[in-house]
Each structure stands twice: as C-alpha cells, then as structure tokens.
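A.B. asks: Sharing structure.cif, mmCIF, C-alpha atoms:
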```cif
data_final
#
loop_
_atom_site.label_atom_id
_atom_site.label_comp_id
_atom_site.auth_asym_id
_atom_site.auth_seq_id
_atom_site.Cartn_x
_atom_site.Cartn_y
_atom_site.Cartn_z
CA MET A 1 96.06 113.28 -7.62
CA SER A 2 98.50 113.92 -10.48
CA LEU A 3 101.52 111.77 -11.27
CA ALA A 4 103.86 114.65 -10.38
CA ARG A 5 102.28 115.02 -6.92
CA ASN A 6 102.36 111.24 -6.40
CA VAL A 7 106.05 111.09 -7.23
CA ASP A 8 106.80 114.07 -5.00
CA LEU A 9 104.94 112.50 -2.09
CA LEU A 10 106.73 109.19 -2.57
CA ARG A 11 110.05 111.01 -2.53
CA ARG A 12 109.23 112.63 0.80
CA LEU A 13 107.97 109.48 2.53
CA PRO A 14 110.17 108.17 5.37
CA MET A 15 112.29 105.09 4.83
CA ALA A 16 110.32 103.11 7.40
CA ASP A 17 107.10 103.05 5.42
CA GLY A 18 108.37 100.49 2.95
CA LEU A 19 108.06 102.63 -0.16
CA ARG A 20 111.46 104.30 -0.12
CA LEU A 21 113.28 101.04 -0.84
CA ALA A 22 117.02 100.62 -0.50
CA GLU A 23 118.99 101.03 -3.70
CA PHE A 24 120.12 97.57 -4.82
CA GLY A 25 123.03 99.08 -6.71
CA ARG A 26 124.05 99.27 -10.34
CA SER A 27 127.12 97.10 -9.87
CA ALA A 28 124.89 94.25 -11.05
CA ASP A 29 124.82 95.85 -14.49
CA VAL A 30 128.31 94.49 -15.10
CA SER A 31 127.25 90.92 -14.27
CA SER A 32 124.09 90.86 -16.33
CA PRO A 33 123.98 89.87 -20.02
CA LEU A 34 121.05 92.24 -20.61
CA GLU A 35 121.49 94.64 -23.52
CA GLU A 36 119.56 97.86 -23.99
CA VAL A 37 117.26 98.15 -27.00
CA THR A 38 116.16 101.54 -28.34
CA GLY A 39 113.71 102.61 -31.01
CA PHE A 40 111.13 99.95 -30.12
CA GLY A 41 108.10 102.26 -30.39
CA SER A 42 106.53 105.53 -29.32
CA ASN A 43 107.21 104.65 -25.66
CA PRO A 44 104.59 106.88 -23.99
CA GLY A 45 105.60 105.57 -20.55
CA ALA A 46 109.25 106.65 -21.06
CA LEU A 47 110.62 103.26 -19.94
CA ARG A 48 113.95 101.70 -20.89
CA MET A 49 114.07 98.32 -22.65
CA PHE A 50 116.62 95.61 -21.82
CA ALA A 51 116.67 92.12 -23.34
CA PHE A 52 118.65 88.89 -23.40
CA VAL A 53 118.33 86.27 -26.13
CA PRO A 54 120.47 83.14 -25.66
CA ALA A 55 122.21 81.55 -28.62
CA GLN A 56 119.90 78.54 -28.57
CA LEU A 57 116.14 79.02 -28.29
CA GLN A 58 113.62 76.27 -27.68
CA LYS A 59 111.00 75.63 -30.33
CA PRO A 60 108.47 77.14 -30.46
CA ARG A 61 110.23 80.23 -29.17
CA ALA A 62 109.11 81.71 -25.85
CA LEU A 63 109.47 85.10 -24.15
CA VAL A 64 109.39 85.97 -20.44
CA VAL A 65 108.82 89.60 -19.41
CA VAL A 66 110.25 90.39 -15.95
CA LEU A 67 109.40 93.57 -14.01
CA HIS A 68 111.73 94.67 -11.19
CA GLY A 69 110.72 96.11 -7.84
CA CYS A 70 111.21 99.59 -6.39
CA GLY A 71 114.81 100.69 -5.92
CA GLN A 72 116.02 98.10 -8.42
CA THR A 73 117.18 98.10 -12.03
CA GLY A 74 116.48 95.46 -14.63
CA ALA A 75 120.05 94.21 -14.34
CA SER A 76 120.07 94.11 -10.52
CA TYR A 77 116.84 92.15 -10.38
CA ASP A 78 118.10 89.82 -13.09
CA LEU A 79 121.24 89.09 -11.07
CA GLY A 80 119.23 88.60 -7.89
CA ALA A 81 116.39 86.46 -9.24
CA GLY A 82 118.51 84.57 -11.78
CA TRP A 83 116.28 85.02 -14.81
CA SER A 84 119.02 85.28 -17.46
CA THR A 85 120.62 82.11 -16.05
CA LEU A 86 117.28 80.34 -16.44
CA ALA A 87 116.85 81.82 -19.92
CA ARG A 88 120.26 80.54 -21.02
CA HIS A 89 119.73 77.12 -19.42
CA TYR A 90 116.23 76.54 -20.80
CA GLY A 91 116.44 78.47 -24.05
CA PHE A 92 113.88 81.28 -23.86
CA ALA A 93 114.13 85.01 -24.58
CA LEU A 94 114.05 87.55 -21.76
CA LEU A 95 112.63 91.10 -21.71
CA MET A 96 113.22 93.36 -18.72
CA PRO A 97 111.60 96.80 -18.91
CA GLU A 98 113.19 99.34 -16.57
CA GLN A 99 111.66 102.31 -14.79
CA GLN A 100 113.37 105.72 -14.82
CA ARG A 101 113.63 108.19 -11.97
CA ILE A 102 112.02 110.89 -14.08
CA ASN A 103 108.81 108.80 -13.88
CA ASN A 104 109.10 107.69 -10.26
CA GLY A 105 111.66 108.85 -7.73
CA ASN A 106 112.02 105.32 -6.32
CA THR A 107 112.03 103.62 -9.75
CA CYS A 108 108.72 101.92 -8.95
CA PHE A 109 106.41 101.06 -11.83
CA ASN A 110 103.35 103.30 -11.48
CA TRP A 111 100.79 100.51 -11.05
CA PHE A 112 98.23 102.87 -9.47
CA ASN A 113 98.20 105.94 -11.73
CA PRO A 114 95.21 106.02 -14.12
CA GLU A 115 97.39 106.91 -17.12
CA ASP A 116 99.64 103.93 -16.34
CA THR A 117 96.93 101.35 -15.72
CA ALA A 118 94.92 101.67 -18.93
CA ARG A 119 95.27 99.78 -22.18
CA ASP A 120 97.19 101.65 -24.90
CA SER A 121 98.35 104.28 -22.42
CA GLY A 122 101.52 105.14 -20.51
CA GLU A 123 103.70 102.37 -19.12
CA PRO A 124 101.49 99.44 -20.25
CA ARG A 125 101.66 100.69 -23.84
CA SER A 126 105.47 100.97 -23.62
CA ILE A 127 105.78 97.39 -22.36
CA ARG A 128 103.39 96.18 -25.07
CA GLU A 129 105.55 97.87 -27.70
CA MET A 130 108.65 96.15 -26.30
CA ILE A 131 106.92 92.78 -26.54
CA ALA A 132 105.88 93.43 -30.14
CA HIS A 133 109.48 94.34 -30.96
CA MET A 134 110.78 91.09 -29.42
CA VAL A 135 108.17 89.00 -31.24
CA GLU A 136 109.15 90.45 -34.60
CA ALA A 137 112.91 90.61 -34.07
CA HIS A 138 113.30 87.09 -32.65
CA ARG A 139 110.33 85.20 -34.16
CA ILE A 140 108.73 84.60 -30.78
CA ASP A 141 105.63 82.39 -30.80
CA ALA A 142 102.78 84.75 -29.90
CA ARG A 143 101.19 81.93 -27.89
CA ARG A 144 104.23 81.63 -25.59
CA ILE A 145 104.55 85.04 -23.95
CA PHE A 146 104.68 85.22 -20.14
CA ILE A 147 105.13 87.94 -17.50
CA THR A 148 106.21 88.17 -13.86
CA GLY A 149 107.21 90.89 -11.41
CA LEU A 150 108.05 91.76 -7.81
CA SER A 151 106.25 94.31 -5.61
CA ALA A 152 105.48 97.36 -7.78
CA GLY A 153 106.60 95.14 -10.67
CA GLY A 154 104.05 92.63 -9.42
CA GLY A 155 101.43 95.36 -9.42
CA MET A 156 102.36 96.23 -13.00
CA THR A 157 102.22 92.51 -13.88
CA SER A 158 98.58 92.58 -12.74
CA VAL A 159 98.08 95.69 -14.91
CA MET A 160 99.53 93.98 -18.00
CA LEU A 161 97.52 90.78 -17.49
CA ALA A 162 94.34 92.86 -17.14
CA THR A 163 94.89 95.37 -19.95
CA TYR A 164 96.42 92.94 -22.48
CA PRO A 165 95.06 89.51 -21.46
CA GLU A 166 95.17 88.23 -25.05
CA VAL A 167 98.93 88.75 -25.18
CA PHE A 168 99.92 86.49 -22.27
CA ALA A 169 99.62 82.75 -21.78
CA ALA A 170 100.38 83.09 -18.06
CA GLY A 171 101.70 85.45 -15.40
CA ALA A 172 103.19 85.35 -11.91
CA VAL A 173 102.86 88.03 -9.23
CA ILE A 174 105.35 88.17 -6.34
CA ALA A 175 104.43 90.33 -3.31
CA GLY A 176 102.15 92.37 -5.56
CA LEU A 177 98.60 93.61 -5.69
CA PRO A 178 95.41 92.92 -7.67
CA TYR A 179 94.48 95.03 -10.64
CA GLY A 180 92.31 98.12 -10.30
CA ILE A 181 92.23 98.58 -6.52
CA ALA A 182 93.89 102.03 -6.61
CA SER A 183 93.69 105.10 -8.80
CA ASN A 184 95.80 107.40 -6.62
CA LEU A 185 98.51 107.21 -3.99
CA ARG A 186 96.15 107.24 -1.01
CA GLU A 187 94.28 104.20 -2.35
CA ALA A 188 97.58 102.55 -3.22
CA LEU A 189 98.86 102.93 0.36
CA ASP A 190 95.59 101.61 1.73
CA GLY A 191 95.83 98.58 -0.54
CA MET A 192 99.46 97.96 0.34
CA PHE A 193 99.15 98.22 4.11
CA HIS A 194 95.60 97.04 4.79
CA SER A 195 94.43 95.05 1.77
CA PRO A 196 90.69 95.47 2.36
CA ALA A 197 88.69 92.46 1.24
CA ARG A 198 86.46 92.86 -1.82
CA PRO A 199 83.84 90.56 -3.38
CA ALA A 200 85.33 88.19 -5.96
CA ARG A 201 82.88 89.33 -8.63
CA ALA A 202 83.82 92.98 -8.12
CA LEU A 203 87.52 92.11 -8.42
CA GLY A 204 86.88 90.12 -11.59
CA ASP A 205 84.88 93.00 -13.07
CA LEU A 206 87.86 95.32 -12.64
CA VAL A 207 89.77 93.11 -15.08
CA ARG A 208 86.82 92.54 -17.42
CA ASN A 209 86.36 96.31 -17.71
CA ALA A 210 90.01 96.89 -18.62
CA SER A 211 89.65 95.56 -22.19
CA ASP A 212 87.17 94.04 -24.64
CA HIS A 213 88.64 90.58 -24.04
CA ARG A 214 86.22 87.94 -22.80
CA GLY A 215 88.48 84.92 -22.46
CA PRO A 216 90.18 82.61 -22.36
CA TRP A 217 92.17 84.25 -19.56
CA PRO A 218 95.86 83.83 -18.73
CA LYS A 219 96.94 81.38 -16.04
CA ILE A 220 98.40 82.94 -12.89
CA SER A 221 100.84 82.01 -10.10
CA VAL A 222 100.79 84.10 -6.90
CA TRP A 223 103.67 84.30 -4.36
CA HIS A 224 103.77 86.18 -1.05
CA GLY A 225 105.72 86.08 2.22
CA SER A 226 103.52 85.71 5.29
CA ALA A 227 105.69 88.22 7.24
CA ASP A 228 105.61 90.91 4.54
CA ARG A 229 105.21 94.35 6.20
CA THR A 230 105.54 96.33 2.98
CA VAL A 231 102.70 94.77 0.99
CA ASN A 232 100.07 93.12 3.16
CA PRO A 233 99.93 89.34 2.50
CA GLY A 234 96.17 89.65 2.19
CA ASN A 235 96.79 91.00 -1.30
CA ALA A 236 97.74 87.49 -2.41
CA ASN A 237 94.26 86.28 -1.47
CA GLU A 238 92.69 89.19 -3.35
CA ILE A 239 94.70 88.42 -6.51
CA VAL A 240 93.66 84.78 -6.29
CA LYS A 241 90.00 85.76 -5.83
CA GLN A 242 90.20 88.08 -8.84
CA TRP A 243 91.48 85.36 -11.16
CA LEU A 244 89.30 82.57 -9.77
CA ASP A 245 86.31 84.71 -10.68
CA LEU A 246 87.66 85.25 -14.21
CA HIS A 247 88.25 81.52 -14.66
CA ASP A 248 84.89 80.69 -13.04
CA LEU A 249 86.56 78.51 -10.41
CA PRO A 250 85.46 77.93 -6.79
CA GLU A 251 87.22 79.73 -3.93
CA VAL A 252 87.95 76.43 -2.16
CA PRO A 253 91.32 75.03 -3.38
CA MET A 254 91.19 71.84 -5.41
CA ALA A 255 94.55 70.77 -3.99
CA GLU A 256 96.74 71.79 -1.06
CA THR A 257 100.29 70.48 -1.04
CA ASN A 258 103.73 71.35 0.29
CA VAL A 259 106.52 72.36 -2.11
CA ASP A 260 109.99 72.65 -0.62
CA GLY A 261 108.33 73.00 2.79
CA TYR A 262 105.81 75.72 1.85
CA PRO A 263 102.05 75.44 1.34
CA ARG A 264 100.77 75.63 -2.22
CA GLN A 265 97.14 75.82 -3.28
CA ALA A 266 95.98 75.00 -6.80
CA TRP A 267 92.89 75.18 -9.00
CA TRP A 268 92.52 73.53 -12.40
CA ASN A 269 90.07 73.20 -15.28
CA LYS A 270 88.16 70.12 -16.43
CA ASP A 271 91.17 69.04 -18.50
CA GLY A 272 93.40 69.00 -15.42
CA GLU A 273 95.41 72.08 -16.40
CA THR A 274 96.35 74.27 -13.43
CA LEU A 275 94.94 77.76 -14.02
CA VAL A 276 95.58 79.38 -10.63
CA GLU A 277 98.15 78.54 -7.97
CA SER A 278 99.27 80.31 -4.80
CA TYR A 279 102.40 79.93 -2.65
CA ALA A 280 102.54 81.25 0.93
CA ILE A 281 106.20 81.58 1.98
CA THR A 282 105.98 81.20 5.75
CA ASP A 283 107.76 83.85 7.85
CA MET A 284 109.32 85.53 4.80
CA ALA A 285 109.44 89.34 4.58
CA HIS A 286 108.95 91.45 1.44
CA GLY A 287 110.86 90.09 -1.53
CA THR A 288 111.50 87.33 -4.04
CA PRO A 289 112.15 83.88 -2.51
CA LEU A 290 115.39 82.18 -3.59
CA GLY A 291 116.67 78.63 -3.17
CA LEU A 292 117.65 75.43 -4.91
CA ALA A 293 115.57 74.27 -7.85
CA ASP A 294 114.32 70.73 -8.41
CA ASN A 295 117.46 70.04 -10.43
CA ASP A 296 119.71 71.07 -7.49
CA GLN A 297 120.75 74.24 -9.30
CA ARG A 298 120.68 77.66 -7.68
CA TYR A 299 119.29 80.61 -9.57
CA GLY A 300 119.94 84.15 -8.35
CA THR A 301 121.88 85.90 -5.58
CA GLU A 302 120.71 87.26 -2.23
CA GLY A 303 120.30 91.01 -1.95
CA ALA A 304 117.78 93.71 -1.08
CA PHE A 305 114.33 92.11 -1.39
CA LEU A 306 115.91 88.91 -2.73
CA ILE A 307 115.60 86.48 0.14
CA GLU A 308 117.04 83.00 0.71
CA ALA A 309 113.99 80.91 1.56
CA GLY A 310 114.86 77.40 0.41
CA ILE A 311 112.64 77.63 -2.66
CA SER A 312 113.46 79.12 -6.05
CA SER A 313 110.43 81.12 -7.10
CA SER A 314 112.01 81.94 -10.48
CA TYR A 315 112.49 78.24 -11.27
CA HIS A 316 108.99 77.25 -10.15
CA ILE A 317 107.47 80.13 -12.11
CA ALA A 318 109.37 79.08 -15.24
CA LYS A 319 108.10 75.55 -14.60
CA PHE A 320 104.52 76.84 -14.24
CA PHE A 321 105.00 78.61 -17.58
CA GLY A 322 105.94 75.25 -19.13
CA LEU A 323 109.51 76.28 -19.95
CA THR A 324 111.61 73.80 -17.95
CA GLY A 325 110.69 70.62 -19.83
CA TRP A 326 112.58 71.68 -22.92
CA ILE A 327 115.93 70.12 -21.95
CA ALA A 328 114.34 66.73 -21.27
CA ASP A 329 112.37 66.94 -24.50
CA ALA A 330 115.49 67.94 -26.46
CA ALA A 331 117.50 65.11 -24.90
CA LYS A 332 114.80 62.60 -25.86
CA THR A 333 114.73 63.94 -29.43
CA ASN A 334 118.53 63.75 -29.70
CA ALA A 335 118.55 60.22 -28.29
CA GLU A 336 115.95 59.10 -30.81
CA ALA A 337 117.93 60.69 -33.63
CA ALA A 338 121.14 58.94 -32.51
CA ALA A 339 119.52 55.52 -32.04
CA PRO A 340 120.53 52.89 -34.66
CA LYS A 341 117.93 52.46 -37.35
CA PRO A 342 116.46 48.94 -37.76
CA ALA A 343 117.58 47.07 -40.86
CA LEU A 344 115.17 47.42 -43.76
CA THR A 345 113.47 44.22 -44.81
CA PRO A 346 111.52 43.68 -48.03
CA ALA A 347 107.78 43.40 -47.97
CA PRO A 348 106.63 39.82 -47.18
CA HIS A 349 105.32 39.12 -50.68
CA LEU A 350 108.57 40.41 -52.19
CA ALA A 351 110.65 38.28 -49.82
CA ARG A 352 108.68 35.19 -50.83
CA SER A 353 109.28 36.02 -54.52
CA ILE A 354 113.02 36.34 -53.95
CA ARG A 355 113.15 32.98 -52.16
CA ALA A 356 111.15 31.37 -54.98
CA ALA A 357 113.47 32.87 -57.60
CA VAL A 358 116.48 31.49 -55.76
CA ALA A 359 114.86 28.05 -55.59
CA ASP A 360 114.28 28.11 -59.36
CA GLN A 361 118.00 28.48 -60.09
CA PRO A 362 119.43 25.31 -61.68
CA THR A 363 121.76 23.36 -59.43
CA GLU A 364 124.89 21.52 -60.52
CA PRO A 365 127.12 19.00 -58.79
CA LYS A 366 129.86 20.62 -56.79
CA ARG A 367 132.89 21.35 -58.78
CA GLU A 368 136.25 22.67 -57.85
CA THR A 369 134.96 26.14 -58.81
CA SER A 370 131.28 26.56 -57.83
CA ARG A 371 128.94 28.34 -60.20
CA ARG A 372 127.75 31.70 -58.80
CA PHE A 373 124.06 32.70 -58.77
CA ASP A 374 123.06 35.33 -61.30
CA LEU A 375 121.92 37.92 -58.71
CA GLY A 376 120.57 40.32 -61.31
CA GLN A 377 118.43 37.61 -62.81
CA ILE A 378 117.12 36.59 -59.36
CA ILE A 379 116.07 40.16 -58.53
CA THR A 380 114.42 40.59 -61.94
CA ARG A 381 112.38 37.41 -61.47
CA ALA A 382 111.36 38.42 -57.95
CA LEU A 383 110.20 41.86 -58.99
CA THR A 384 108.28 40.42 -61.91
CA ALA A 385 106.58 37.86 -59.68
CA ALA A 386 105.64 40.58 -57.20
CA GLY A 387 104.02 42.61 -59.96
CA LEU A 388 106.60 45.41 -59.64
CA MET A 389 108.17 44.87 -63.05
CA LYS A 390 106.76 43.88 -66.43
#
```
What does this structure look like when you write it as structure tokens?
C.D. replies:
Amino acid sequence: MSLARNVDLLRRLPMADGLRLAEFGRSADVSSPLEEVTGFGSNPGALRMFAFVPAQLQKPRALVVVLHGCGQTGASYDLGAGWSTLARHYGFALLMPEQQRINNGNTCFNWFNPEDTARDSGEPRSIREMIAHMVEAHRIDARRIFITGLSAGGGMTSVMLATYPEVFAAGAVIAGLPYGIASNLREALDGMFHSPARPARALGDLVRNASDHRGPWPKISVWHGSADRTVNPGNANEIVKQWLDLHDLPEVPMAETNVDGYPRQAWWNKDGETLVESYAITDMAHGTPLGLADNDQRYGTEGAFLIEAGISSSYHIAKFFGLTGWIADAAKTNAEAAAPKPALTPAPHLARSIRAAVADQPTEPKRETSRRFDLGQIITRALTAAGLMK
C-alpha cells in the first residue's frame, strides 16, 4: 500500500479508533524555547527541525532527540513532557524533529512505511541529517547521543535505533512498537491493537537486518500504560524481547523493583550496567506519564496524551541516559576548586638542611638591639647542602 493511500485511509478513520488523535494545540509554541533550524540537509522525509541548546552544556556535550506523538507538534510535546526544562537544568542539547501534515494527515511519524523505515531513506535519513547538523554546530560528543519518543514517535524511535544503532548510546520508547513488525497500514493496525507475539530471535533479526551493524547495541528503556487502548501494552513486551535478543540476555528479569509505586524490570551485563529496563504504568491509558522527579521537581504539563501518573518518565529516562548526575558532579568539582589549598612544605631533606643552616649561625649575647639572621645566607647554605646549588 502506498504512502498516499495510507495517509488517506488514516484521514478517514473514525476518532474512536485511536489513530485520529486530538490536536494538542499550537499555543504551546509560544511557551517553548525551541527554535527552527533550516538547511540541515537534503531532508528526503520532508520533516521540520527544531532545537534548543542551553547556555551552559555539560562536558562532554550530550544530545537528546525527542519524537512527538500523533496530533502533536515538537513544541507542544516539549511543553507537555518538559524536555527543554530538563535540558536547561541538566545542560544537554535538545533536538525535536516535527512531522508535517503533507506527510501524514495526523502528524504521525510514518513508522510503518517501507520508505520511512529503511536506513538512508525518508524520515530516518532526515532525522540522521538533523543529528549530524547538531553534532557539528554544537560540538556534541558522538558517544552521547540519545533518542526517545511517544506512540508513533516511539515507533520511529525503534526505527532509528534499528537503522542507525551506531549513532545512539541509548533510547527510550513510550507506548510504542518494536521495529519491523509492519510494512503497511493493515499490519500497523494489527500490531497496534493486537500485538501478536513473535519469537525473540525473529524480532532481533528484524533489527540485525536493518543495517550492517553487529554491536555493541544501544541500551533501551521501555514505558507503557497497562490500560492503553490505542497501542496494545503487549508491544512493550515485544520491544523488550527484541532488545534482549540483541544483547544476548535472558527473558527472565534480573531485577524487579518498584519505582514511585510502579513495577520496573531490569537486565544488565556482566559489568553491572543496565542494558534493558521496562516500566509498566498500572492503569494508565495511552500517553507519557508525568509526575515529580527524585529531586521533587516537576517536569512537563498535563494535556492530551500527557498524563499525571505520579512518576516523571522524562526525568527517569534522562537519568537512564546518564544525564542527571551532571549537577552533582559539577558541584563537587566547584567545591574542590574552592577548597583552601594546603600550605606547601619543603621536601624533608631540604627542611633538615634549612634547620642545620640555622643552627650553624653564630650566636651572640643578647644586646639591646639583637642581630638579625642573614636569611639569604641561610637559604644558600640549605640549597647547597641539599645538592640543589653548587
């Protein structure tokens, strides 16, 4: 099925099926610090590029790519999920590609069209060009590039991680789908609503066949509401299976804990580094979970598909990416720089020479005006005795 027919069918779908998503509104554009960037490349996917770079960037410099959901703009999702606030607070650069209605009537990223799911083609190529522009323009460390997205943006996050795995250190998929399960709208709807189970090896092969890359693979964090009726929660399990196979990890979780009241599963490598994690947000519908962060700060604002859940997914994803420790590290560095320096003392053998030179000074009975030591002579003798002067 062609892209034009897919878009036309999406446009004619009823509101109740979860694909014609409510317009979040462009009023958020005024509140967002995102600025549009043009001329970043050939842009075969015809996407718009928006970015935010705070005045102070952590070192080495990091970049987070954020992909909005259907019915949203880059600015509206930024306002809702709080990414530019996090970027300013923790000092990383932000890239928010934006879909256009000429590509998709509901402004969904086309995560299921063959021309938009292949390396060096369509929308993935456009996003890759944006990343290259950010790396060059802002001296981003190529080892610190991350990506996340909601819904169709989550599906496109899976596409980017599969088609350009060497570009990303880690990714996070919110209410999204695994890579490669659909090549047309019918298969996309089946994946969204039913999420048929597939063998882990087959899911992993879909990613392995998307590029010549053979590892190491990016880390991944998966988030999904258990009451999601737009994208079946079973997709979270399929994404996890796909990446466990790539990382050669067992399907049984290595740890199961509660974070802010929600179950989290985790898998790690032999060095103890978490490579795959999964959050199940109990009783939450389709959207991005919002709430207080560990530091009692709130990131984001409730809106369409931006749901108060008592847990800040944006903050925890940034933490999973390793971006939230920068303030503590910077404070420690500043404290060490401000600490008083210990007084310098001479080397032991030099100190002994100075004491000996002082002892060699002739003494006289006390007079009304005491004779002063010849300090220059004392230092000369000490340096000579220490072998530092001839």
A.B. asks: Once you count only C-alpha atoms, what closest atom pair and distance in Å to one decimal does each residue of range 76-125 of chain A within 12 Å of range 141-146 of chain A have, with rows by chain and rising residue number, as a tab-separated table?
C.D. replies:
```
residue	atom	partner	partner_atom	distance
A:Phe92	CA	A:Arg144	CA	9.8
A:Ala93	CA	A:Ile145	CA	9.6
A:Leu94	CA	A:Phe146	CA	9.8
A:Leu95	CA	A:Phe146	CA	10.0
A:Met96	CA	A:Phe146	CA	11.9
```
A.B. asks: With only C-alpha atoms counted and 6 Å as the cut-off, give the residues of range 191-234 of chain A in contact with range 278-287 of chain A, each with its shortest interatomic distance in Å and the pair that gives it, as a tab-separated table.
C.D. replies:
```
residue	atom	partner	partner_atom	distance
A:Ser221	CA	A:Ser278	CA	5.8
A:Val222	CA	A:Ser278	CA	4.6
A:Trp223	CA	A:Tyr279	CA	4.9
A:His224	CA	A:Ala280	CA	5.5
A:Gly225	CA	A:Met284	CA	4.5
A:Ser226	CA	A:Thr282	CA	5.2
A:Ala227	CA	A:Ala285	CA	4.7
A:Asp228	CA	A:Ala285	CA	4.1
```
A.B. asks: For the provided coordinates, the residues matched by the PyMOL selection byres ((chain A and resi 124) around 9) should be stated as a list in words.
C.D. replies: Pro44, Gly45, Asp116, Thr117, Ala118, Arg119, Asp120, Ser121, Gly122, Glu123, Arg125, Ser126, Ile127, Arg128, Glu129, Met156, Val159, Met160, Thr163 and Tyr164 of chain A
A.B. asks: Where does the PyMOL selection byres ((chain A and resi 200-207) around 8) land in this file, that is, which residues does it pick, as a list in words?
C.D. replies: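 Going through the file, the PyMOL selection byres ((chain A and resi 200-207) around 8) ends up selecting Ala162, Thr163, Pro178, Tyr179, Gly180, Arg198, Pro199, Arg208, Asn209, Ala210, Ser211, Glu238, Lys241, Gln242, Trp243, Leu244, Asp245 and Leu246 of chain A.
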A.B. asks: Applied to this file, what does the PyMOL selection byres ((chain A and resi 255) around 6) return in terms of residues, put as a list in words?
C.D. replies: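 For this structure, the PyMOL selection byres ((chain A and resi 255) around 6) captures Pro253, Met254, Glu256, Gln265 and Ala266 of chain A.
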A.B. asks: Would you work out the distance separating CA of Ala87 in chain A from CA of Val53 in chain A, expressed in Å to one decimal?
C.D. replies: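 So the two atoms, CA of Ala87 in chain A and CA of Val53 in chain A, lie 7.8 Å apart.
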